[in-house]
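Have a look at the structure below, then the notes.
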Amino acid sequence: MGMTDKRLAAVCLLLTGVTLLSWWLGNSHGHHAFTLNAGITLGVILIAALKVRVIAWEFMELKQAPLKMQRVADAALAFIITVLLTLYFVGLSA
Amino acid sequence: MSAVASELAAPPASLVGRIGWHWKHNPKIELWIMWWAMVCFYQLFGVVFALMTRVMPPPAPWWDQARIVQWFNDNHYGLLWGFGIIFLVAGITASMNALIAYSMTRMSVSRAFSYIYVAIYSLATLPGMLLTAIFLTVGALRPDRDPAVISWLYDASFTAFVGTMGVFLIGTSVWMLAVLLDKNRVFPLWFAYLNICNLLTEIVVAPMWIFKEGPFAWNGIIAFWVDTLVFVVYTIAFITLLRRLIVREDFGDGPLPELEQRT
Amino acid sequence: MSTIVATNAERSVPGQIDIWYFVLVEVVIFSSYFITYMLYRIWDPALYLESQAHLSQNFGALNTVILLVSSWLIARGVQAAREQRYESAQNLVGMTILCGVLFIISKLFEWSSKIQQGFEFSTNQFFSFYYFLTGIHVLHVLIGFVFLSVVIYQLRSPQRRSIKVIESGAIYWHMVDFLWVIIFALLYVMR
């Protein structure tokens, strides 16, 4: 198993672990959990953003792509996450 | 057109002279006529459907009969004049289909691709605009009919306009496949992938048959706005690429020469 | 774990640039779906929360793990192809397809159990979004099978084996993966 294979395995483990964390967040209080909860939402969406970033950087190999591509990717991810969270919190306060 | 240029020299300076020269000597003149016909048609389509008849963006699917009858009254003249134009010029779409089929005959793929494309797209004007135009014109010209019947025409028009996409789905797939298989590099690879986005929109519209309101209705954010935006991007892309194809065309059958520095 | 930072000279576009344009357009389209979902959701959060309670969190998490593993497999497959271990690359891509099939089977189970419980496409707005987003995503998985088949076709013969085409197929598959990650967060776990 080469260096790259080890790294890929570590990435996969990390992603699976983080998924289980959001699964636990969504499941931890049984069926009483289905009430508005800004903390869970914030955590879950940020975890998703992290996962997308890791998939793009490690699996899609953006980590060694030209800087311009990396900037576009980061800008797109930051944009969508910001819009989603802004909408959510505007909705909460309305 | 005056007989200005009989020599094969450079085209004369005056506009009329230039047109005359190209008419006689430019081997690509037929392709350019097709291309301009396509561009003019899309402009006209936009003016008629968005400004004159108010079909795009579509009015609400949830209106009651009285409101629908009122819509026909409000847009009476726009509908008649707009669709009058469409009935006259709908055939121009054939130039677009021909040009796209031509692009496939220039590829290294079988002629069958362009035949399929022309065959499928000869049907496209019907669900794409003619059914809508016919139904709405009938509604506009028969205001004395039962409002229930008028409402039926209204529903039929907009479901036909937004929701009947099988023709486009298969047609787009055929073009995509040709671009993917082509070795002459007539179109860039990204255009093949863009076809996937366009053909998926044809599936995304399907829920509008079920819903009268919300994002999936015929005027909804997803079924109408997102899909239309993708279609507009797709259309601009292929019109630009077809122009580039004509510029690059060498009337041979090997790989199409690349564009030189901005011609 | 090595942390080698690529210098500018070593930087290169993974796969064909064309597939990245496609990924960008797809990201824009899906973002518009996600934003639409959020817009409608904040309009009526109670309905969405109540409907979410009927989704199976376990299915959602299982789907996510299946796709993550499949992404891992194809990433290893690309690596194997680079090291000219074509046999093992083929096996890895084959296992990726298998994961995709598993994903679709589990989705079919999930959908049919929802329908049996009476939650259909037109039951309410949340379920419209649920079936729409999961459905359009499954379509992308199906298209992914075509991409992966091309990758296997490339790997089979020494005359082909274009590493750029193989990488592009993998990039498409990873896109299917990360789109699901967001769908999972928005449909299943956010509150």
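To be explicit about the labels: the chains of the structure tokens are called A, B, and onward in the order shown, and within each one the residues are counted from 1, while ligands get numbers from 1 in the order they are shown.
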
Show me which bits of chain B are within 9 Å of chain C, counting only C-alpha atoms, as a ChimeraX atom specification.
/B:188-191,193-194,196-197,200,203-204,207,210-211,214-216,221-222,226-227,230

Mind checking which residues fall within 9 Å of A:Leu21, counting only C-alpha atoms, ignoring those fewer than 4 positions away in the same chain, and posting them as an MDAnalysis selection string?
chainID A and resid 16:17 25:26 44 47

With C-alpha atoms kept, could you save the residues just selected as a CSV table (one decimal), in the first residue's frame?
chain,number,residue,atom,x,y,z
A,16,THR,CA,-17.3,8.2,7.1
A,17,GLY,CA,-16.7,9.3,10.7
A,25,LEU,CA,-26.7,14.7,15.6
A,26,GLY,CA,-29.9,14.0,13.7
A,44,VAL,CA,-25.0,19.6,9.9
A,47,ILE,CA,-20.1,19.3,8.3

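For stretch 50-60 of chain A, the list of residues within 6 Å, based on only C-alpha atoms and with local chain neighbours fewer than 3 positions off taken out, reads A:Ile47, A:Lys63, C:Ala75, C:Ile171, C:Phe178.
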
For the residues in that selection, give me all heavy atoms as a CSV table (one decimal), in the first residue's frame.
chain,number,residue,atom,x,y,z
A,47,ILE,N,-20.8,20.6,8.5
A,47,ILE,CA,-20.1,19.3,8.3
A,47,ILE,C,-20.2,18.9,6.8
A,47,ILE,O,-19.3,18.4,6.2
A,47,ILE,CB,-20.8,18.2,9.1
A,47,ILE,CG1,-20.4,18.4,10.6
A,47,ILE,CG2,-20.5,16.8,8.7
A,47,ILE,CD1,-21.1,17.4,11.6
A,63,LYS,N,-6.5,19.6,-4.9
A,63,LYS,CA,-5.4,20.1,-4.1
A,63,LYS,C,-4.1,20.4,-4.9
A,63,LYS,O,-3.3,21.2,-4.5
A,63,LYS,CB,-5.0,19.1,-3.0
A,63,LYS,CG,-4.5,17.8,-3.4
A,63,LYS,CD,-4.0,17.0,-2.2
A,63,LYS,CE,-3.3,15.7,-2.6
A,63,LYS,NZ,-4.2,14.6,-3.0
C,75,ALA,N,-11.2,6.5,-6.5
C,75,ALA,CA,-9.9,7.2,-6.4
C,75,ALA,C,-8.8,6.3,-6.4
C,75,ALA,O,-7.7,6.6,-7.0
C,75,ALA,CB,-10.0,8.1,-5.1
C,171,ILE,N,-14.0,12.0,-11.8
C,171,ILE,CA,-14.4,13.3,-11.3
C,171,ILE,C,-15.9,13.4,-11.4
C,171,ILE,O,-16.6,13.9,-10.5
C,171,ILE,CB,-13.7,14.4,-12.2
C,171,ILE,CG1,-12.3,14.5,-11.8
C,171,ILE,CG2,-14.5,15.8,-12.0
C,171,ILE,CD1,-11.4,15.3,-12.8
C,178,PHE,N,-20.5,14.2,-3.9
C,178,PHE,CA,-20.7,15.4,-3.0
C,178,PHE,C,-22.0,16.1,-3.1
C,178,PHE,O,-22.5,16.7,-2.2
C,178,PHE,CB,-19.5,16.4,-3.2
C,178,PHE,CG,-19.5,17.3,-4.4
C,178,PHE,CD1,-20.5,18.2,-4.6
C,178,PHE,CD2,-18.4,17.3,-5.3
C,178,PHE,CE1,-20.5,19.0,-5.7
C,178,PHE,CE2,-18.4,18.1,-6.4
C,178,PHE,CZ,-19.5,19.0,-6.6

Residues of chain C were defined as contacting chain A if any atom lay at most 7 Å from it, counting only C-alpha atoms; please report them as a PyMOL selection string.
chain C and resi 1+6+11-14+31+35+38-39+42+49-50+53+57+61+65+68-69+72+75-76+171+174+178+181-182+185+189-191

Would you put the residues from that selection into a file with N, CA and C atoms, as a compact mmCIF listing (two decimals), in the first residue's frame?
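part_24.txt written:
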# COMPACT_ATOMS: atom_id res chain seq x y z
N MET C 1 0.83 10.96 7.56
CA MET C 1 0.26 11.42 6.31
C MET C 1 1.15 12.50 5.70
N ALA C 6 1.92 21.31 -3.60
CA ALA C 6 2.39 21.39 -4.98
C ALA C 6 2.91 22.79 -5.29
N ARG C 11 1.45 22.04 -10.67
CA ARG C 11 -0.01 22.09 -10.70
C ARG C 11 -0.53 21.75 -12.09
N SER C 12 -1.56 20.91 -12.15
CA SER C 12 -2.17 20.63 -13.44
C SER C 12 -3.64 20.31 -13.21
N VAL C 13 -4.42 20.48 -14.26
CA VAL C 13 -5.85 20.20 -14.18
C VAL C 13 -6.04 18.69 -14.12
N PRO C 14 -6.71 18.17 -13.08
CA PRO C 14 -7.01 16.74 -13.07
C PRO C 14 -8.07 16.44 -14.12
N SER C 31 -27.33 24.07 -6.94
CA SER C 31 -27.41 25.13 -5.94
C SER C 31 -28.76 25.84 -6.03
N ILE C 35 -31.28 26.18 -2.93
CA ILE C 35 -31.75 27.48 -2.44
C ILE C 35 -33.27 27.54 -2.51
N MET C 38 -34.63 25.70 0.43
CA MET C 38 -34.51 26.45 1.67
C MET C 38 -35.54 27.58 1.73
N LEU C 39 -35.76 28.24 0.58
CA LEU C 39 -36.74 29.31 0.53
C LEU C 39 -38.13 28.81 0.91
N ILE C 42 -38.30 27.73 4.81
CA ILE C 42 -38.45 28.72 5.87
C ILE C 42 -39.85 29.32 5.86
N LEU C 49 -40.46 19.89 9.19
CA LEU C 49 -39.95 19.13 10.33
C LEU C 49 -40.79 17.89 10.58
N GLU C 50 -42.10 18.08 10.50
CA GLU C 50 -43.00 16.97 10.76
C GLU C 50 -42.82 15.88 9.70
N ALA C 53 -39.63 13.73 10.04
CA ALA C 53 -39.69 12.68 11.05
C ALA C 53 -40.04 11.33 10.44
N GLN C 57 -33.55 8.06 8.95
CA GLN C 57 -32.19 8.60 9.08
C GLN C 57 -31.16 7.53 8.74
N ALA C 61 -28.06 7.84 6.11
CA ALA C 61 -26.65 7.71 6.49
C ALA C 61 -26.01 6.55 5.73
N VAL C 65 -22.71 6.65 3.29
CA VAL C 65 -21.50 5.84 3.47
C VAL C 65 -21.21 5.03 2.21
N LEU C 68 -19.63 7.34 -0.26
CA LEU C 68 -18.28 7.72 0.14
C LEU C 68 -17.29 6.60 -0.16
N VAL C 69 -17.70 5.38 0.19
CA VAL C 69 -16.82 4.24 -0.07
C VAL C 69 -16.59 4.09 -1.57
N TRP C 72 -14.10 6.48 -2.70
CA TRP C 72 -12.77 6.02 -2.27
C TRP C 72 -12.24 4.97 -3.24
N ALA C 75 -11.19 6.47 -6.53
CA ALA C 75 -9.95 7.24 -6.38
C ALA C 75 -8.75 6.30 -6.36
N ARG C 76 -8.92 5.17 -5.67
CA ARG C 76 -7.84 4.16 -5.68
C ARG C 76 -7.66 3.57 -7.07
N ILE C 171 -13.95 12.00 -11.80
CA ILE C 171 -14.41 13.32 -11.34
C ILE C 171 -15.93 13.40 -11.39
N HIS C 174 -17.25 11.51 -8.37
CA HIS C 174 -17.10 12.24 -7.11
C HIS C 174 -18.14 13.37 -7.01
N PHE C 178 -20.54 14.21 -3.86
CA PHE C 178 -20.67 15.41 -3.02
C PHE C 178 -22.05 16.06 -3.14
N VAL C 181 -24.03 14.38 -0.55
CA VAL C 181 -23.67 14.84 0.79
C VAL C 181 -24.55 16.03 1.19
N ILE C 182 -24.75 16.96 0.26
CA ILE C 182 -25.57 18.14 0.57
C ILE C 182 -27.05 17.75 0.65
N ALA C 185 -27.73 16.25 3.97
CA ALA C 185 -27.81 17.25 5.05
C ALA C 185 -29.14 17.99 5.01
N VAL C 189 -31.11 15.53 7.81
CA VAL C 189 -30.64 15.87 9.15
C VAL C 189 -30.85 17.31 9.61
N MET C 190 -30.95 18.26 8.73
CA MET C 190 -31.12 19.63 9.26
C MET C 190 -32.47 19.76 9.96
N ARG C 191 -32.54 20.66 10.93
CA ARG C 191 -33.80 20.85 11.67
C ARG C 191 -34.29 22.27 11.58

What's the 9 Å shell around B:Leu80, counting only C-alpha atoms, without same-chain residues fewer than 2 positions away, as number ranges by chain?
B: 53, 75-78, 82-85, 136-137, 140-141

With all heavy atoms retained, write the just-selected residues as a short mmCIF file (atom, residue, chain, number, x, y, z; two decimals), in the first residue's frame.
data_model
loop_
_atom_site.label_atom_id
_atom_site.label_comp_id
_atom_site.auth_asym_id
_atom_site.auth_seq_id
_atom_site.Cartn_x
_atom_site.Cartn_y
_atom_site.Cartn_z
N THR B 53 -47.20 38.09 -26.56
CA THR B 53 -48.28 37.21 -26.11
C THR B 53 -48.26 36.95 -24.60
O THR B 53 -49.20 36.39 -24.06
CB THR B 53 -48.19 35.84 -26.81
OG1 THR B 53 -46.92 35.26 -26.49
CG2 THR B 53 -48.29 36.00 -28.32
N ASN B 75 -54.94 40.15 -23.14
CA ASN B 75 -53.87 39.92 -24.11
C ASN B 75 -54.39 39.69 -25.52
O ASN B 75 -53.66 39.17 -26.37
CB ASN B 75 -53.03 38.71 -23.67
CG ASN B 75 -52.31 38.98 -22.38
OD1 ASN B 75 -51.49 39.87 -22.28
ND2 ASN B 75 -52.65 38.21 -21.35
N HIS B 76 -55.65 40.10 -25.76
CA HIS B 76 -56.29 39.76 -27.03
C HIS B 76 -55.42 40.08 -28.25
O HIS B 76 -55.07 39.21 -29.03
CB HIS B 76 -57.63 40.50 -27.13
CG HIS B 76 -58.40 40.17 -28.35
ND1 HIS B 76 -59.07 38.98 -28.51
CD2 HIS B 76 -58.57 40.85 -29.52
CE1 HIS B 76 -59.64 38.95 -29.70
NE2 HIS B 76 -59.35 40.07 -30.34
N TYR B 77 -55.03 41.36 -28.37
CA TYR B 77 -54.30 41.75 -29.58
C TYR B 77 -52.88 41.20 -29.60
O TYR B 77 -52.36 40.83 -30.64
CB TYR B 77 -54.32 43.27 -29.75
CG TYR B 77 -55.69 43.75 -30.14
CD1 TYR B 77 -56.52 44.38 -29.22
CD2 TYR B 77 -56.17 43.51 -31.42
CE1 TYR B 77 -57.80 44.78 -29.56
CE2 TYR B 77 -57.45 43.91 -31.78
CZ TYR B 77 -58.26 44.54 -30.85
OH TYR B 77 -59.52 44.92 -31.20
N GLY B 78 -52.26 41.15 -28.42
CA GLY B 78 -50.91 40.57 -28.35
C GLY B 78 -50.91 39.13 -28.84
O GLY B 78 -50.04 38.72 -29.62
N GLY B 82 -49.03 38.37 -32.25
CA GLY B 82 -47.84 37.56 -31.95
C GLY B 82 -47.90 36.21 -32.63
O GLY B 82 -46.99 35.82 -33.36
N PHE B 83 -49.01 35.51 -32.42
CA PHE B 83 -49.09 34.16 -33.00
C PHE B 83 -49.30 34.23 -34.50
O PHE B 83 -48.94 33.29 -35.22
CB PHE B 83 -50.16 33.33 -32.30
CG PHE B 83 -49.74 32.93 -30.91
CD1 PHE B 83 -50.60 33.04 -29.83
CD2 PHE B 83 -48.45 32.47 -30.68
CE1 PHE B 83 -50.18 32.68 -28.55
CE2 PHE B 83 -48.04 32.11 -29.41
CZ PHE B 83 -48.91 32.22 -28.34
N GLY B 84 -49.88 35.34 -34.99
CA GLY B 84 -49.93 35.53 -36.44
C GLY B 84 -48.53 35.46 -37.03
O GLY B 84 -48.28 34.76 -38.02
N ILE B 85 -47.60 36.17 -36.38
CA ILE B 85 -46.20 36.14 -36.84
C ILE B 85 -45.66 34.72 -36.77
O ILE B 85 -45.03 34.22 -37.71
CB ILE B 85 -45.35 37.08 -35.97
CG1 ILE B 85 -45.79 38.53 -36.18
CG2 ILE B 85 -43.86 36.91 -36.29
CD1 ILE B 85 -45.13 39.51 -35.24
N LEU B 136 -54.12 28.99 -27.90
CA LEU B 136 -54.32 30.34 -27.36
C LEU B 136 -54.98 31.26 -28.38
O LEU B 136 -55.77 32.14 -28.03
CB LEU B 136 -52.99 30.92 -26.88
CG LEU B 136 -52.40 30.27 -25.63
CD1 LEU B 136 -51.08 30.91 -25.24
CD2 LEU B 136 -53.38 30.33 -24.47
N THR B 137 -54.68 31.05 -29.67
CA THR B 137 -55.35 31.86 -30.69
C THR B 137 -56.84 31.52 -30.74
O THR B 137 -57.68 32.42 -30.85
CB THR B 137 -54.71 31.61 -32.07
OG1 THR B 137 -53.30 31.77 -31.95
CG2 THR B 137 -55.23 32.59 -33.10
N ALA B 140 -58.44 33.27 -27.93
CA ALA B 140 -58.53 34.71 -28.12
C ALA B 140 -59.63 35.07 -29.12
O ALA B 140 -60.28 36.10 -29.01
CB ALA B 140 -57.18 35.25 -28.60
N LEU B 141 -59.85 34.19 -30.11
CA LEU B 141 -60.82 34.51 -31.16
C LEU B 141 -62.24 34.01 -30.86
O LEU B 141 -63.17 34.28 -31.61
CB LEU B 141 -60.35 33.93 -32.50
CG LEU B 141 -59.21 34.69 -33.17
CD1 LEU B 141 -58.73 33.95 -34.40
CD2 LEU B 141 -59.66 36.09 -33.53
#

Fewer than 2 positions away in the same chain doesn't count, so skip those; otherwise give me all residues within 12 Å of B:Val39, counting only C-alpha atoms, as a PyMOL selection string.
chain B and resi 32-37+41-46+92-93+95-96+99+235-236+238-240+242-243

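Shortest separation to C:Ala81 among C:Gln159, C:Gln52, C:Asn63, C:Gln154 occurs at residue C:Gln154, atoms counted being only C-alpha atoms.
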
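For the pair atom CA of C:Ser88 and atom CA of C:Leu102, the separation is 20.9 Å.
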
Neighbour list for C:Gly169 as a ChimeraX atom specification, cut-off 10 Å, only C-alpha atoms, skip fewer than 3 positions in-chain
/C:15-16,19,74,78,144-152,163-166,172-174

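Atom CA of C:Gln90 is found 7.6 Å from atom CA of C:Arg156.
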
From atom CA of B:Gly128 to atom CA of B:Phe161 the spacing works out at 5.7 Å
